[in-house]
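What follows is a short report on a single structure.
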Amino acid sequence: TESSGINAEYGERLLNMSEIENNQRRALASFWIFGLCNNFGYVIMLSAAYDLISNSNNNAYCGKLSTGAILLADVLPSLAVKMVAPTFIHKIHYNVKVSGAALLSLASFIMVASSTNFTLIIFGVMLAATSSGLGEVTFLALTSHFERAVITSWSSGTGFAGILGATLYLALNLVLSPSQTIYLMIIVPVIEILTYWFLLVRPATLNEPPGGFEPLLVDESEGDNVTLVGTTTPLDGIKAAAKKLASGVNELKYYMGSLFLVYASEYLINQGMFEIMWYKNSHWSMEVQYRVYQVVYQSGVTISRSSASFVHINKVHIFSILQFVNLVIFACEARYQFLPSIWITIVLILYEGLLGGACYVNAFYAIYNEVPAHRREYSLGLASVSDSLGIVLAGVFSTFIHNYICKFRVH
């Protein structure tokens, strides 16, 4: 009898371990899919950027409207969500946030694919950006309820969204029109919502108040002890939020600064120079060359974002410096056309993607490991703002750079 009891207990323990391992595998798969689906719309809009502005530019080379206009529409709403979200989003359940992000993504694909009016196209792109921003804040915060390995899965998924989205857009446009291709992408938000409801095993902690968004303030007289500060007026709440924001930025300034610089540099390249780096000795048209550049760039991002399982580099400023050097090289190529072959440019674009993806995954991996658990959820969301700020800066200046260089390329 005693032996039977021991065997039963041992069998139950094995069953529990097997269930835990199964839940962990499902979590890893789910966050990979979340990363893929959340970034997919963003990637599709940038891959389609040249096609979306072609009508406004009358299909002319070096038209007045740069793809930077699509970039701004694809990132400003996302940045706004990331900036505002920490003040209220903790009051909304994850079920609602994930469903909302998926529905916004679905609406964006339908609007962009069905519209011929450029204003409506821009609005559709903005819906995709809003979905991406809401999704990133939500899913990065959601990682704090799981093992740290899901950070790598999320990063890998976001990277793979790049290569899959850009490649699909390039391939499908060989047989379909750009609008038909975008219509097909509505399957992506459907997959995202199905994954959340049916694949992910959601922990009970999702129904608890998330500590990462409470007004946690550091009392300097007590060192690292954190106390909850109640606010009685809206002004007190604003002061508490501002103090918390300043404290978070100060703690994360190294990683946020590195992310800002690497993203500003690479998106100045992608949206300010890709469309005017046209090699006439290639058999590819301008449109195809632009799409190929996007595929190659996203391939580099995918490879490096999936590298956190094998190598970790804490000195992420190295990637920022190297990316800025890349920016100088591409600016000179766009202006002077000194590279003899498109294939050299393609190799440089792959390298550019590798640097950007490596900075992203290593920065967030380091933040997860270095920030105390009670501030981790907030810190991961806050850090995601810095890359968006860099992209916004690139979007603003890319049109000016594009128009300046075009003065020399056209004449």
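All residue names refer to the structure tokens as shown: chains lettered A, B, ... in order, residues numbered from 1 in each chain, ligands numbered from 1 in order.
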
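Residues in contact with A:Ser299 at up to 9 Å, not including ones fewer than 2 positions away on its chain and judged by only C-alpha atoms, are Gly159, Phe160, Gly162, Ile163, Leu164, Ala166, Gln294, Val295, Val296, Tyr297, Val301, Thr302, Ile303, Ser304, Leu350, Gly353 and Leu354 of chain A.
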
Output file for the residues above (C-alpha atoms, as a short mmCIF file (atom, residue, chain, number, x, y, z; two decimals), in the first residue's frame):
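Produced file again_21.cif, reproduced below:
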```cif
data_model
loop_
_atom_site.label_atom_id
_atom_site.label_comp_id
_atom_site.auth_asym_id
_atom_site.auth_seq_id
_atom_site.Cartn_x
_atom_site.Cartn_y
_atom_site.Cartn_z
CA GLY A 159 12.04 39.74 -36.65
CA PHE A 160 10.48 36.93 -38.66
CA GLY A 162 9.92 41.37 -41.30
CA ILE A 163 11.29 38.72 -43.63
CA LEU A 164 7.98 36.91 -44.05
CA ALA A 166 8.48 41.64 -47.06
CA GLN A 294 13.02 45.54 -47.82
CA VAL A 295 13.30 41.74 -47.97
CA VAL A 296 17.07 41.82 -47.46
CA TYR A 297 16.84 44.31 -44.59
CA VAL A 301 16.66 41.77 -38.63
CA THR A 302 15.20 38.26 -38.38
CA ILE A 303 18.56 36.58 -38.06
CA SER A 304 19.84 38.87 -35.32
CA LEU A 350 21.75 42.87 -44.82
CA GLY A 353 19.36 44.75 -40.61
CA LEU A 354 21.68 42.60 -38.50
#
```

Please extract the residues of stretch 107-289 of chain A with a backbone DSSP assignment of strand (DSSP E) and present them as a PyMOL selection string. chain A and resi 216-218+226-228

With C-alpha atoms kept, could you save the residues just selected as a PDB file, in the first residue's frame?
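Saved the output as selection_23.pdb:
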```pdb
ATOM      1  CA  LEU A 216       5.641  53.153  -7.596  1.00  0.00           C
ATOM      2  CA  LEU A 217       7.932  55.885  -6.344  1.00  0.00           C
ATOM      3  CA  VAL A 218      11.384  55.515  -4.876  1.00  0.00           C
ATOM      4  CA  VAL A 226       9.549  51.263  -3.035  1.00  0.00           C
ATOM      5  CA  THR A 227       6.388  52.613  -1.490  1.00  0.00           C
ATOM      6  CA  LEU A 228       2.918  52.980  -2.887  1.00  0.00           C
TER       7      LEU A 228
END
```

Mind checking which residues fall within 9 Å of A:Ser153, counting only C-alpha atoms, ignoring those fewer than 3 positions away in the same chain, and posting them as a list in words? Ala27, Leu28, Ala29, Ser30, Phe31, Trp32, Ile33, Gly35, Ala149, Val150, Ser156, Gly157, Thr158 and Ser306 of chain A

Restricting the output to N, CA, C and O atoms, write the selected residues as a short mmCIF file (atom, residue, chain, number, x, y, z; two decimals), in the first residue's frame.
```cif
data_model
loop_
_atom_site.label_atom_id
_atom_site.label_comp_id
_atom_site.auth_asym_id
_atom_site.auth_seq_id
_atom_site.Cartn_x
_atom_site.Cartn_y
_atom_site.Cartn_z
N ALA A 27 3.53 28.64 -24.44
CA ALA A 27 3.82 30.07 -24.22
C ALA A 27 4.88 30.56 -25.20
O ALA A 27 4.76 31.64 -25.79
N LEU A 28 5.93 29.77 -25.39
CA LEU A 28 7.00 30.15 -26.32
C LEU A 28 6.45 30.28 -27.74
O LEU A 28 6.75 31.25 -28.45
N ALA A 29 5.64 29.30 -28.15
CA ALA A 29 5.05 29.34 -29.49
C ALA A 29 4.10 30.54 -29.63
O ALA A 29 4.09 31.23 -30.66
N SER A 30 3.32 30.79 -28.58
CA SER A 30 2.35 31.90 -28.62
C SER A 30 3.04 33.24 -28.77
O SER A 30 2.63 34.07 -29.59
N PHE A 31 4.10 33.48 -27.99
CA PHE A 31 4.77 34.77 -28.06
C PHE A 31 5.51 34.95 -29.38
O PHE A 31 5.67 36.07 -29.87
N TRP A 32 5.96 33.85 -29.97
CA TRP A 32 6.57 33.96 -31.29
C TRP A 32 5.52 34.41 -32.30
O TRP A 32 5.78 35.29 -33.13
N ILE A 33 4.34 33.83 -32.21
CA ILE A 33 3.25 34.21 -33.11
C ILE A 33 2.79 35.64 -32.84
O ILE A 33 2.51 36.41 -33.77
N GLY A 35 4.62 38.12 -31.73
CA GLY A 35 5.61 39.01 -32.33
C GLY A 35 5.46 39.09 -33.84
O GLY A 35 5.53 40.17 -34.43
N ALA A 149 12.27 33.36 -21.13
CA ALA A 149 12.53 32.86 -22.48
C ALA A 149 11.53 33.39 -23.49
O ALA A 149 11.81 33.42 -24.70
N VAL A 150 10.34 33.82 -23.03
CA VAL A 150 9.34 34.32 -23.98
C VAL A 150 9.79 35.64 -24.61
O VAL A 150 9.31 36.00 -25.69
N SER A 156 12.12 37.09 -31.69
CA SER A 156 12.29 36.29 -32.90
C SER A 156 11.08 36.42 -33.81
O SER A 156 11.20 36.54 -35.03
N GLY A 157 9.89 36.42 -33.21
CA GLY A 157 8.67 36.56 -34.00
C GLY A 157 8.59 37.90 -34.69
O GLY A 157 8.19 37.99 -35.86
N THR A 158 8.95 38.98 -33.97
CA THR A 158 8.93 40.31 -34.59
C THR A 158 9.91 40.39 -35.75
O THR A 158 9.63 41.02 -36.77
N SER A 306 16.79 36.65 -33.56
CA SER A 306 16.68 35.27 -33.09
C SER A 306 17.96 34.78 -32.42
O SER A 306 18.08 33.60 -32.08
#
```

Need the shell around A:Ala141: protein/DNA/RNA residues with any atom at most 7 Å away, counting only C-alpha atoms. Skip same-chain ones fewer than 4 positions apart. Format as an NGL selection string? :A and (137 or 377 or 380-381)

Residues of the last selection are to be written out with all heavy atoms, as a PDB file, in the first residue's frame.
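Just written: selection_2.pdb:
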```
ATOM      1  N   VAL A 137       2.966  47.292 -26.514  1.00  0.00           N
ATOM      2  CA  VAL A 137       2.856  47.602 -25.095  1.00  0.00           C
ATOM      3  C   VAL A 137       2.198  46.448 -24.344  1.00  0.00           C
ATOM      4  O   VAL A 137       2.626  46.066 -23.246  1.00  0.00           O
ATOM      5  CB  VAL A 137       2.050  48.902 -24.891  1.00  0.00           C
ATOM      6  CG1 VAL A 137       1.719  49.103 -23.416  1.00  0.00           C
ATOM      7  CG2 VAL A 137       2.832  50.096 -25.408  1.00  0.00           C
ATOM      8  N   GLU A 377       7.575  45.210 -15.795  1.00  0.00           N
ATOM      9  CA  GLU A 377       6.484  45.397 -16.750  1.00  0.00           C
ATOM     10  C   GLU A 377       6.469  46.832 -17.282  1.00  0.00           C
ATOM     11  O   GLU A 377       6.377  47.075 -18.485  1.00  0.00           O
ATOM     12  CB  GLU A 377       5.155  45.050 -16.077  1.00  0.00           C
ATOM     13  CG  GLU A 377       3.965  45.057 -17.014  1.00  0.00           C
ATOM     14  CD  GLU A 377       2.695  44.583 -16.332  1.00  0.00           C
ATOM     15  OE1 GLU A 377       2.729  44.277 -15.127  1.00  0.00           O
ATOM     16  OE2 GLU A 377       1.659  44.531 -17.021  1.00  0.00           O
ATOM     17  N   LEU A 380       9.784  47.613 -19.502  1.00  0.00           N
ATOM     18  CA  LEU A 380       9.764  47.057 -20.852  1.00  0.00           C
ATOM     19  C   LEU A 380       8.882  47.895 -21.777  1.00  0.00           C
ATOM     20  O   LEU A 380       9.232  48.146 -22.933  1.00  0.00           O
ATOM     21  CB  LEU A 380       9.271  45.606 -20.814  1.00  0.00           C
ATOM     22  CG  LEU A 380      10.232  44.588 -20.204  1.00  0.00           C
ATOM     23  CD1 LEU A 380       9.525  43.262 -19.964  1.00  0.00           C
ATOM     24  CD2 LEU A 380      11.451  44.379 -21.096  1.00  0.00           C
ATOM     25  N   GLY A 381       7.742  48.344 -21.259  1.00  0.00           N
ATOM     26  CA  GLY A 381       6.870  49.201 -22.055  1.00  0.00           C
ATOM     27  C   GLY A 381       7.489  50.554 -22.327  1.00  0.00           C
ATOM     28  O   GLY A 381       7.388  51.087 -23.431  1.00  0.00           O
TER      29      GLY A 381
END
```

All residues 7 Å or closer to stretch 385-400 of chain A, only C-alpha atoms, same chain fewer than 4 positions away omitted, as a list of chain:residue names: A:Ser66, A:Gly68, A:Ala69, A:Leu71, A:Leu72, A:Val75, A:Leu76, A:Leu79, A:Lys82, A:Met83, A:Met256, A:Leu259, A:Phe260, A:Leu261, A:Tyr263, A:Ala264, A:Tyr267, A:Leu268, A:Gln271, A:Gly272, A:Tyr404

Pull N, CA, C and O atoms from the residues just selected and write them as a CSV table (one decimal), in the first residue's frame.
```csv
chain,number,residue,atom,x,y,z
A,66,SER,N,8.0,61.4,-50.5
A,66,SER,CA,8.9,60.3,-50.1
A,66,SER,C,8.1,59.3,-49.3
A,66,SER,O,7.0,59.5,-48.8
A,68,GLY,N,8.8,58.4,-46.7
A,68,GLY,CA,8.9,58.9,-45.3
A,68,GLY,C,7.5,59.2,-44.8
A,68,GLY,O,7.2,59.2,-43.6
A,69,ALA,N,6.6,59.6,-45.8
A,69,ALA,CA,5.2,60.0,-45.4
A,69,ALA,C,4.5,58.8,-44.9
A,69,ALA,O,3.7,58.8,-43.9
A,71,LEU,N,6.0,56.2,-43.6
A,71,LEU,CA,6.7,55.8,-42.3
A,71,LEU,C,6.1,56.6,-41.2
A,71,LEU,O,5.9,56.1,-40.1
A,72,LEU,N,5.9,57.9,-41.3
A,72,LEU,CA,5.3,58.7,-40.2
A,72,LEU,C,3.9,58.2,-39.9
A,72,LEU,O,3.6,58.1,-38.7
A,75,VAL,N,4.1,55.1,-37.8
A,75,VAL,CA,4.8,55.1,-36.5
A,75,VAL,C,4.2,56.1,-35.5
A,75,VAL,O,4.3,55.9,-34.3
A,76,LEU,N,3.7,57.2,-35.9
A,76,LEU,CA,3.3,58.3,-35.0
A,76,LEU,C,2.1,57.8,-34.1
A,76,LEU,O,2.2,58.0,-32.9
A,79,LEU,N,3.6,55.5,-31.5
A,79,LEU,CA,4.3,56.2,-30.5
A,79,LEU,C,3.3,56.9,-29.5
A,79,LEU,O,3.6,56.9,-28.3
A,82,LYS,N,2.1,54.3,-27.1
A,82,LYS,CA,3.1,53.9,-26.1
A,82,LYS,C,3.4,55.0,-25.0
A,82,LYS,O,3.7,54.7,-23.9
A,83,MET,N,3.2,56.3,-25.5
A,83,MET,CA,3.4,57.4,-24.5
A,83,MET,C,2.2,57.5,-23.5
A,83,MET,O,2.4,57.8,-22.3
A,256,MET,N,17.8,53.0,-23.8
A,256,MET,CA,16.8,53.8,-24.6
A,256,MET,C,17.6,54.7,-25.6
A,256,MET,O,17.2,54.8,-26.7
A,259,LEU,N,18.8,52.4,-28.5
A,259,LEU,CA,17.7,52.0,-29.4
A,259,LEU,C,17.3,53.2,-30.2
A,259,LEU,O,17.0,53.1,-31.4
A,260,PHE,N,17.3,54.4,-29.6
A,260,PHE,CA,16.9,55.6,-30.4
A,260,PHE,C,17.8,55.8,-31.6
A,260,PHE,O,17.4,56.1,-32.7
A,261,LEU,N,19.1,55.8,-31.3
A,261,LEU,CA,20.1,56.1,-32.3
A,261,LEU,C,20.1,55.1,-33.4
A,261,LEU,O,20.2,55.4,-34.6
A,263,TYR,N,17.7,53.1,-34.4
A,263,TYR,CA,16.5,53.1,-35.2
A,263,TYR,C,16.4,54.4,-36.1
A,263,TYR,O,15.9,54.3,-37.2
A,264,ALA,N,16.8,55.5,-35.5
A,264,ALA,CA,16.9,56.7,-36.3
A,264,ALA,C,17.8,56.6,-37.5
A,264,ALA,O,17.4,57.0,-38.7
A,267,TYR,N,16.2,53.9,-40.2
A,267,TYR,CA,15.0,54.3,-40.9
A,267,TYR,C,15.3,55.5,-41.8
A,267,TYR,O,14.6,55.8,-42.8
A,268,LEU,N,16.3,56.3,-41.5
A,268,LEU,CA,16.7,57.3,-42.4
A,268,LEU,C,17.3,56.7,-43.7
A,268,LEU,O,17.0,57.2,-44.8
A,271,GLN,N,13.9,54.8,-45.5
A,271,GLN,CA,12.8,55.6,-46.1
A,271,GLN,C,13.3,56.8,-46.7
A,271,GLN,O,12.5,57.5,-47.4
A,272,GLY,N,14.5,57.2,-46.5
A,272,GLY,CA,15.1,58.4,-47.1
A,272,GLY,C,15.9,58.1,-48.3
A,272,GLY,O,16.1,59.0,-49.2
A,404,TYR,N,16.6,66.6,-51.0
A,404,TYR,CA,17.9,67.2,-51.3
A,404,TYR,C,18.7,66.4,-52.2
A,404,TYR,O,19.3,66.9,-53.2
```

Exercise: stretch 316-318 of chain A partners within 12 Å, only C-alpha atoms, chain neighbours under 4 positions left out, as a tab-separated table (two decimals) with N, CA, C and O atoms, in the first residue's frame:
```
chain	number	residue	atom	x	y	z
A	253	LYS	N	18.30	54.93	-19.48
A	253	LYS	CA	18.79	55.87	-20.49
A	253	LYS	C	19.83	55.25	-21.42
A	253	LYS	O	19.88	55.60	-22.61
A	254	TYR	N	20.67	54.36	-20.92
A	254	TYR	CA	21.69	53.74	-21.78
A	254	TYR	C	21.03	52.93	-22.89
A	254	TYR	O	21.36	53.07	-24.08
A	255	TYR	N	20.08	52.08	-22.51
A	255	TYR	CA	19.42	51.23	-23.50
A	255	TYR	C	18.48	52.03	-24.39
A	255	TYR	O	18.41	51.80	-25.61
A	256	MET	N	17.76	52.98	-23.81
A	256	MET	CA	16.84	53.80	-24.61
A	256	MET	C	17.60	54.67	-25.60
A	256	MET	O	17.18	54.83	-26.75
A	257	GLY	N	18.74	55.21	-25.18
A	257	GLY	CA	19.57	56.02	-26.07
A	257	GLY	C	20.10	55.22	-27.24
A	257	GLY	O	20.11	55.67	-28.39
A	258	SER	N	20.54	54.00	-26.95
A	258	SER	CA	21.08	53.12	-28.00
A	258	SER	C	19.99	52.74	-29.00
A	258	SER	O	20.22	52.75	-30.22
A	259	LEU	N	18.82	52.39	-28.49
A	259	LEU	CA	17.70	52.03	-29.36
A	259	LEU	C	17.29	53.22	-30.24
A	259	LEU	O	17.02	53.07	-31.44
A	260	PHE	N	17.25	54.40	-29.64
A	260	PHE	CA	16.88	55.60	-30.38
A	260	PHE	C	17.82	55.85	-31.55
A	260	PHE	O	17.38	56.07	-32.69
A	261	LEU	N	19.11	55.80	-31.30
A	261	LEU	CA	20.09	56.11	-32.34
A	261	LEU	C	20.10	55.05	-33.44
A	261	LEU	O	20.16	55.39	-34.64
A	262	VAL	N	20.02	53.78	-33.07
A	262	VAL	CA	20.10	52.73	-34.09
A	262	VAL	C	18.86	52.77	-34.98
A	262	VAL	O	18.96	52.58	-36.21
A	312	HIS	N	24.60	36.89	-25.96
A	312	HIS	CA	24.07	38.12	-25.38
A	312	HIS	C	25.18	39.17	-25.35
A	312	HIS	O	26.28	38.89	-24.89
A	322	LEU	N	27.90	51.68	-35.07
A	322	LEU	CA	28.09	51.05	-36.38
A	322	LEU	C	26.94	51.40	-37.34
A	322	LEU	O	27.16	51.58	-38.55
A	323	GLN	N	25.73	51.52	-36.79
A	323	GLN	CA	24.60	51.86	-37.65
A	323	GLN	C	24.71	53.30	-38.16
A	323	GLN	O	24.32	53.59	-39.29
A	324	PHE	N	25.23	54.18	-37.33
A	324	PHE	CA	25.42	55.56	-37.77
A	324	PHE	C	26.47	55.63	-38.88
A	324	PHE	O	26.31	56.41	-39.84
A	325	VAL	N	27.51	54.81	-38.78
A	325	VAL	CA	28.50	54.72	-39.85
A	325	VAL	C	27.83	54.25	-41.14
A	325	VAL	O	28.10	54.75	-42.24
A	355	LEU	N	22.46	44.69	-37.55
A	355	LEU	CA	22.77	45.62	-36.46
A	355	LEU	C	21.51	46.06	-35.72
A	355	LEU	O	21.47	46.09	-34.49
A	356	GLY	N	20.47	46.41	-36.48
A	356	GLY	CA	19.24	46.88	-35.85
A	356	GLY	C	18.57	45.81	-35.01
A	356	GLY	O	18.16	46.05	-33.87
A	357	GLY	N	18.47	44.61	-35.54
A	357	GLY	CA	17.85	43.51	-34.80
A	357	GLY	C	18.64	43.13	-33.56
A	357	GLY	O	18.06	42.83	-32.50
A	358	ALA	N	19.97	43.15	-33.66
A	358	ALA	CA	20.82	42.80	-32.52
A	358	ALA	C	20.67	43.81	-31.39
A	358	ALA	O	20.63	43.44	-30.21
A	359	CYS	N	20.58	45.08	-31.73
A	359	CYS	CA	20.41	46.10	-30.70
A	359	CYS	C	19.09	45.91	-29.98
A	359	CYS	O	19.01	45.98	-28.75
A	360	TYR	N	18.03	45.63	-30.72
A	360	TYR	CA	16.69	45.47	-30.13
A	360	TYR	C	16.65	44.31	-29.15
A	360	TYR	O	16.26	44.47	-28.00
A	361	VAL	N	17.04	43.13	-29.61
A	361	VAL	CA	16.87	41.95	-28.77
A	361	VAL	C	17.79	41.99	-27.56
A	361	VAL	O	17.41	41.61	-26.44
A	362	ASN	N	19.02	42.48	-27.73
A	362	ASN	CA	19.95	42.52	-26.60
A	362	ASN	C	19.57	43.59	-25.58
A	362	ASN	O	19.75	43.39	-24.37
A	363	ALA	N	19.00	44.69	-26.04
A	363	ALA	CA	18.57	45.74	-25.12
A	363	ALA	C	17.41	45.25	-24.24
A	363	ALA	O	17.44	45.40	-23.01
A	364	PHE	N	16.41	44.65	-24.85
A	364	PHE	CA	15.26	44.19	-24.07
A	364	PHE	C	15.61	42.99	-23.19
A	364	PHE	O	15.06	42.83	-22.09
A	365	TYR	N	16.51	42.14	-23.66
A	365	TYR	CA	16.94	41.01	-22.84
A	365	TYR	C	17.67	41.51	-21.60
A	365	TYR	O	17.47	41.02	-20.49
A	366	ALA	N	18.51	42.53	-21.77
A	366	ALA	CA	19.24	43.09	-20.64
A	366	ALA	C	18.30	43.78	-19.65
A	366	ALA	O	18.45	43.65	-18.43
A	367	ILE	N	17.31	44.50	-20.17
A	367	ILE	CA	16.35	45.18	-19.30
A	367	ILE	C	15.59	44.16	-18.47
A	367	ILE	O	15.39	44.33	-17.26
```

For a quick check of understanding, using only C-alpha atoms, which of A:Ser99, A:Ser384, A:Phe408, A:Thr345 has the smallest distance to A:Thr195?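 Closest candidate: A:Ser99.
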
How would you write, as a ChimeraX atom specification, the set of residues in stretch 156-400 of chain A that DSSP gives as helix (DSSP H, G or I)? /A:156-172,178-184,187-199,204-207,211-213,220-222,234-272,274-276,286-305,317-336,342-370,373-400

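Closest approach to A:Cys332 from the set A:Met277, A:Ile346, A:Val311, A:Ala102 is made by A:Met277, with distances taken over only C-alpha atoms.
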
Leaving out A:Tyr183 and any residue of its chain fewer than 4 positions from it, which residues lie within 7 Å of it when counting only C-alpha atoms, given as a PDB file with all heavy atoms, in the first residue's frame?
```pdb
ATOM      1  N   PHE A 109      -5.874  46.665 -42.870  1.00  0.00           N
ATOM      2  CA  PHE A 109      -5.645  45.966 -44.137  1.00  0.00           C
ATOM      3  C   PHE A 109      -6.795  46.214 -45.112  1.00  0.00           C
ATOM      4  O   PHE A 109      -6.579  46.454 -46.305  1.00  0.00           O
ATOM      5  CB  PHE A 109      -5.476  44.462 -43.902  1.00  0.00           C
ATOM      6  CG  PHE A 109      -4.161  44.083 -43.286  1.00  0.00           C
ATOM      7  CD1 PHE A 109      -4.105  43.243 -42.186  1.00  0.00           C
ATOM      8  CD2 PHE A 109      -2.971  44.558 -43.811  1.00  0.00           C
ATOM      9  CE1 PHE A 109      -2.896  42.884 -41.624  1.00  0.00           C
ATOM     10  CE2 PHE A 109      -1.742  44.210 -43.258  1.00  0.00           C
ATOM     11  CZ  PHE A 109      -1.708  43.369 -42.161  1.00  0.00           C
ATOM     12  N   ILE A 110      -8.016  46.147 -44.601  1.00  0.00           N
ATOM     13  CA  ILE A 110      -9.186  46.342 -45.466  1.00  0.00           C
ATOM     14  C   ILE A 110      -9.211  47.757 -46.037  1.00  0.00           C
ATOM     15  O   ILE A 110      -9.460  47.962 -47.228  1.00  0.00           O
ATOM     16  CB  ILE A 110     -10.482  46.045 -44.677  1.00  0.00           C
ATOM     17  CG1 ILE A 110     -10.540  44.558 -44.309  1.00  0.00           C
ATOM     18  CG2 ILE A 110     -11.712  46.453 -45.489  1.00  0.00           C
ATOM     19  CD1 ILE A 110     -11.698  44.185 -43.411  1.00  0.00           C
ATOM     20  N   ALA A 113      -6.273  48.375 -48.610  1.00  0.00           N
ATOM     21  CA  ALA A 113      -6.457  47.593 -49.839  1.00  0.00           C
ATOM     22  C   ALA A 113      -7.598  48.115 -50.689  1.00  0.00           C
ATOM     23  O   ALA A 113      -7.552  48.035 -51.931  1.00  0.00           O
ATOM     24  CB  ALA A 113      -6.705  46.128 -49.477  1.00  0.00           C
ATOM     25  N   SER A 179      -3.078  45.879 -54.090  1.00  0.00           N
ATOM     26  CA  SER A 179      -4.294  45.867 -53.262  1.00  0.00           C
ATOM     27  C   SER A 179      -4.772  44.445 -52.983  1.00  0.00           C
ATOM     28  O   SER A 179      -5.182  44.125 -51.858  1.00  0.00           O
ATOM     29  CB  SER A 179      -5.403  46.674 -53.940  1.00  0.00           C
ATOM     30  OG  SER A 179      -5.751  46.105 -55.186  1.00  0.00           O
TER      31      SER A 179
END
```

With only C-alpha atoms as the basis for distance, which of A:Asn95, A:Asn173, A:Asn314, A:Thr130 is at the shortest distance from A:Leu206?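 Smallest distance to A:Leu206 is found for A:Asn95.
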
Considering only C-alpha atoms, can you say which of A:Ala128, A:Ile20, A:Leu104, A:Leu170 comes closest to A:Tyr42? A:Ala128

Please determine, counting only C-alpha atoms, which residue among A:Glu352, A:Ile44, A:His402, A:Thr87 has the shortest atom-to-atom distance to A:Pro234.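 Closest residue, counting only C-alpha atoms: A:Thr87.
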
One number please: atom CA of A:Tyr293 to atom CA of A:Asn326, in Å, one decimal.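 Going from atom CA of A:Tyr293 over to atom CA of A:Asn326 covers 14.8 Å.
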
Option closest in space to A:Met273, from A:Ser285, A:Ser54, A:Thr67, A:Asn250 [counting only C-alpha atoms]: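 Ranked by minimum distance to A:Met273, first place goes to A:Thr67.
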